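Next comes query.cif, with mmCIF, C-alpha atoms.
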```cif
data_start
#
loop_
_atom_site.label_atom_id
_atom_site.label_comp_id
_atom_site.auth_asym_id
_atom_site.auth_seq_id
_atom_site.Cartn_x
_atom_site.Cartn_y
_atom_site.Cartn_z
CA MET A 897 49.06 49.24 83.04
CA LEU A 898 50.89 51.11 80.58
CA SER A 899 52.61 48.10 79.58
CA VAL A 900 49.32 46.43 78.97
CA ASN A 901 48.22 49.36 76.93
CA MET A 902 51.41 49.39 75.12
CA SER A 903 51.05 45.78 74.41
CA ILE A 904 47.63 46.47 72.92
CA VAL A 905 49.11 49.18 70.76
CA TYR A 906 51.84 46.82 69.60
CA MET A 907 49.30 44.23 68.89
CA ILE A 908 47.21 46.67 66.87
CA ILE A 909 50.27 47.83 64.97
CA ASN A 910 51.25 44.23 64.29
CA LEU A 911 47.76 43.51 63.07
CA LEU A 912 47.82 46.54 60.77
CA ILE A 913 51.18 45.56 59.38
CA LEU A 914 49.98 42.00 58.86
CA PHE A 915 46.81 43.28 57.25
CA LEU A 916 48.76 45.51 54.86
CA ILE A 917 51.21 42.73 54.03
CA PHE A 918 48.41 40.27 53.45
CA ARG A 919 46.48 42.82 51.49
CA PHE A 920 49.26 43.76 49.08
CA ILE A 921 50.99 40.47 48.84
CA LEU A 922 48.44 37.78 49.41
CA PHE A 923 44.96 39.23 48.88
CA LYS A 924 45.79 41.00 45.62
CA ARG A 925 47.01 37.76 44.13
CA VAL A 926 44.07 35.82 45.49
CA ASP A 927 41.66 38.51 44.19
CA LYS A 928 43.37 38.42 40.81
CA ILE A 929 43.06 34.63 40.65
CA LEU A 930 39.42 34.80 41.76
CA ARG A 931 38.61 37.41 39.08
CA LEU A 932 40.34 35.30 36.42
CA ARG A 933 38.38 32.25 37.53
CA GLU A 934 35.18 34.30 37.50
CA ARG A 935 35.87 35.47 33.94
CA GLU A 936 36.60 31.90 32.89
CA MET A 937 33.35 30.79 34.48
CA GLU A 938 31.47 33.54 32.62
CA GLU A 939 33.07 32.47 29.32
CA VAL A 940 32.22 28.82 29.96
CA LYS A 941 28.64 29.79 30.84
CA SER A 942 28.29 31.89 27.67
CA LYS A 943 29.78 29.08 25.56
CA ALA A 944 27.43 26.59 27.21
CA ALA A 945 24.48 28.90 26.53
CA THR A 946 25.55 29.24 22.88
CA VAL A 947 25.96 25.47 22.51
CA THR A 948 22.59 24.93 24.19
CA GLU A 949 20.95 27.41 21.81
CA GLU A 950 22.61 25.73 18.83
CA ALA A 951 21.51 22.32 20.09
CA GLU A 952 17.96 23.59 20.57
CA ALA A 953 17.97 25.05 17.04
CA ALA A 954 19.31 21.76 15.65
CA LYS A 955 16.65 19.87 17.61
CA GLN A 956 13.89 22.08 16.20
CA LYS A 957 15.33 21.72 12.71
CA TYR A 958 15.45 17.94 13.15
CA GLU A 959 11.88 17.83 14.45
CA ALA A 960 10.67 19.95 11.51
CA LEU A 961 12.54 17.71 9.08
CA TYR A 962 11.15 14.61 10.78
CA ALA A 963 7.61 15.98 10.58
CA LYS A 964 8.15 16.82 6.90
CA LEU A 965 9.49 13.31 6.19
CA GLU A 966 6.54 11.77 8.04
CA ALA A 967 4.14 13.84 5.94
CA GLU A 968 5.96 12.81 2.74
CA LYS A 969 5.89 9.17 3.87
CA GLU A 970 2.16 9.36 4.47
CA ALA A 971 1.62 11.06 1.10
CA VAL A 972 3.70 8.44 -0.73
CA PHE A 973 1.90 5.66 1.12
CA ALA A 974 -1.49 7.15 0.26
CA GLU A 975 -0.49 7.59 -3.39
CA THR A 976 0.85 4.04 -3.57
CA LYS A 977 -2.31 2.71 -1.97
CA LYS A 978 -4.44 4.72 -4.41
CA THR A 979 -2.39 3.46 -7.37
CA ALA A 980 -2.61 -0.12 -6.12
CA TYR A 981 -6.39 0.13 -5.79
CA GLY A 982 -6.55 1.60 -9.29
CA VAL A 983 -4.48 -1.25 -10.72
CA ARG A 984 -6.61 -3.76 -8.79
CA GLU A 985 -9.81 -2.24 -10.18
CA ARG A 986 -8.40 -2.21 -13.71
CA ILE A 987 -7.35 -5.88 -13.45
CA LEU A 988 -10.74 -6.85 -12.04
CA ASN A 989 -12.54 -4.94 -14.80
CA GLU A 990 -10.37 -6.59 -17.46
CA ALA A 991 -11.06 -10.01 -15.95
CA LYS A 992 -14.80 -9.30 -15.85
CA GLN A 993 -14.70 -8.15 -19.48
CA GLN A 994 -12.74 -11.24 -20.56
CA THR A 995 -15.18 -13.48 -18.68
CA HIS A 996 -18.11 -11.71 -20.31
CA ASP A 997 -16.49 -12.06 -23.75
CA MET A 998 -15.81 -15.76 -23.16
CA ILE A 999 -19.42 -16.34 -22.08
CA GLU A 1000 -20.69 -14.48 -25.16
CA GLN A 1001 -18.39 -16.54 -27.40
CA ALA A 1002 -19.60 -19.76 -25.77
CA LYS A 1003 -23.23 -18.70 -26.26
CA GLN A 1004 -22.54 -17.80 -29.89
CA SER A 1005 -20.77 -21.11 -30.44
CA ALA A 1006 -23.67 -23.00 -28.84
CA ASP A 1007 -26.16 -21.06 -30.97
CA ASP A 1008 -24.14 -21.80 -34.12
CA THR A 1009 -23.92 -25.49 -33.22
CA TYR A 1010 -27.65 -25.58 -32.48
CA ALA A 1011 -28.42 -23.91 -35.83
CA ARG A 1012 -26.17 -26.36 -37.74
CA GLU A 1013 -27.69 -29.37 -36.03
CA ARG A 1014 -31.21 -28.06 -36.57
CA SER A 1015 -30.43 -27.43 -40.25
CA LYS A 1016 -29.08 -30.99 -40.60
CA ASN A 1017 -32.17 -32.39 -38.91
CA GLU A 1018 -34.47 -30.29 -41.06
CA ASP A 1019 -32.61 -31.48 -44.17
CA ALA A 1020 -32.93 -35.09 -43.02
CA ILE A 1021 -36.65 -34.68 -42.33
CA THR A 1022 -37.16 -32.98 -45.68
CA GLU A 1023 -35.37 -35.83 -47.41
CA LEU A 1024 -37.51 -38.38 -45.57
CA VAL A 1025 -40.67 -36.52 -46.51
CA LEU A 1026 -39.57 -36.39 -50.15
CA LYS A 1027 -38.78 -40.12 -50.15
CA ALA A 1028 -42.16 -40.84 -48.61
CA ALA A 1029 -43.91 -38.62 -51.11
CA SER A 1030 -42.11 -40.28 -54.03
CA LYS A 1031 -43.01 -43.75 -52.75
CA ILE A 1032 -46.61 -42.69 -52.27
CA SER A 1033 -46.81 -41.26 -55.75
CA GLU A 1034 -45.32 -44.46 -57.30
CA GLN A 1035 -47.96 -46.78 -55.92
CA SER A 1036 -51.70 -46.95 -56.26
CA HIS A 1037 -53.64 -45.36 -53.51
CA SER A 1038 -55.90 -47.31 -51.30
CA LYS A 1039 -56.59 -46.83 -47.64
CA GLU A 1040 -54.83 -50.06 -46.60
CA SER A 1041 -51.83 -49.43 -48.83
CA ASP A 1042 -51.52 -45.85 -47.57
CA GLN A 1043 -51.69 -47.07 -43.95
CA ALA A 1044 -49.04 -49.74 -44.61
CA LEU A 1045 -46.88 -47.14 -46.35
CA TYR A 1046 -47.19 -44.77 -43.40
CA ASP A 1047 -46.29 -47.53 -40.97
CA ARG A 1048 -43.19 -48.48 -42.99
CA PHE A 1049 -42.23 -44.82 -43.26
CA ILE A 1050 -42.51 -44.24 -39.49
CA LYS A 1051 -40.59 -47.45 -38.78
CA SER A 1052 -37.88 -46.45 -41.25
CA ALA A 1053 -37.76 -42.91 -39.84
CA LEU A 1054 -37.45 -44.25 -36.30
CA GLU A 1055 -34.65 -46.57 -37.34
CA ASP A 1056 -32.85 -43.69 -39.06
CA LEU A 1057 -33.26 -41.48 -36.00
CA SER A 1058 -32.13 -44.21 -33.59
CA PHE A 1059 -29.12 -44.93 -35.85
CA GLY A 1060 -28.21 -41.20 -35.71
CA GLU A 1061 -28.39 -41.23 -31.89
CA GLU A 1062 -26.12 -44.30 -31.68
CA GLU A 1063 -23.46 -42.49 -33.72
CA ARG A 1064 -23.45 -39.55 -31.32
CA VAL A 1065 -22.93 -41.79 -28.30
#
```
Representation of the structure as structure tokens:
Amino acid sequence: MLSVNMSIVYMIINLLILFLIFRFILFKRVDKILRLREREMEEVKSKAATVTEEAEAAKQKYEALYAKLEAEKEAVFAETKKTAYGVRERILNEAKQQTHDMIEQAKQSADDTYARERSKNEDAITELVLKAASKISEQSHSKESDQALYDRFIKSALEDLSFGEEERV
């Protein structure tokens, strides 16, 4: 029995020696490596957090810049549209004014032509009346002679007027 007990004691001593050997030789090195790896992991995590923060800041900066550019684009578009409508209105107003001026000139030209033609016709009628009056005053006056004179005058006047219309055609 003692031998069994002794064997247990040897076993315990062997275990203690193994534990101490493992602890000083193996576990210290493994612990050191694990702590180094843990520090490296912490550094990588902190770098990743820093890069993530920088990326988030850059994203926010980009979004703000994008929003600003969109606002500027809308403002430029609105200003261009406003300017285009202004130019359109100005061109339309100029065209309306030119059309109005052309119509007024045409009316004035027509009025001038009408006045000239009327003056010519009045002059022609006045001349005919003077001719008729001179013929009447040259001859003796009787009712039959006056009637014949009037008939010749009207016939002559109609021929003159019809001749004037043929020239126009």
Report as AutoDock Vina command-line options the centre and the edge lengths, in Å to one decimal, of the axis-aligned box holding every listed atom of segment 1000-1011 of chain A, padded by 8 Å on each side.
```
--center_x -23.4 --center_y -20.0 --center_z -30.5 --size_x 26.0 --size_y 27.1 --size_z 26.7
```
query = What gap, in Å, lies between atom CA of Arg935 of chain A and atom CA of Ile917 of chain A?
reply = 26.3 Å
inquiry  = What does the structure give for the distance between atom CA of Met998 of chain A and atom CA of Asn1017 of chain A, in Å to one decimal?
reply    = 28.1 Å
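Note that the spacing between atom CA of Phe1049 of chain A and atom CA of Ala1028 of chain A amounts to 6.7 Å.
Taking all atoms listed in the file into account, Ala1053 of chain A lies nearest to A:Lys1027 out of the set A:Lys957, A:Lys978, A:Lys1027, A:Arg931.
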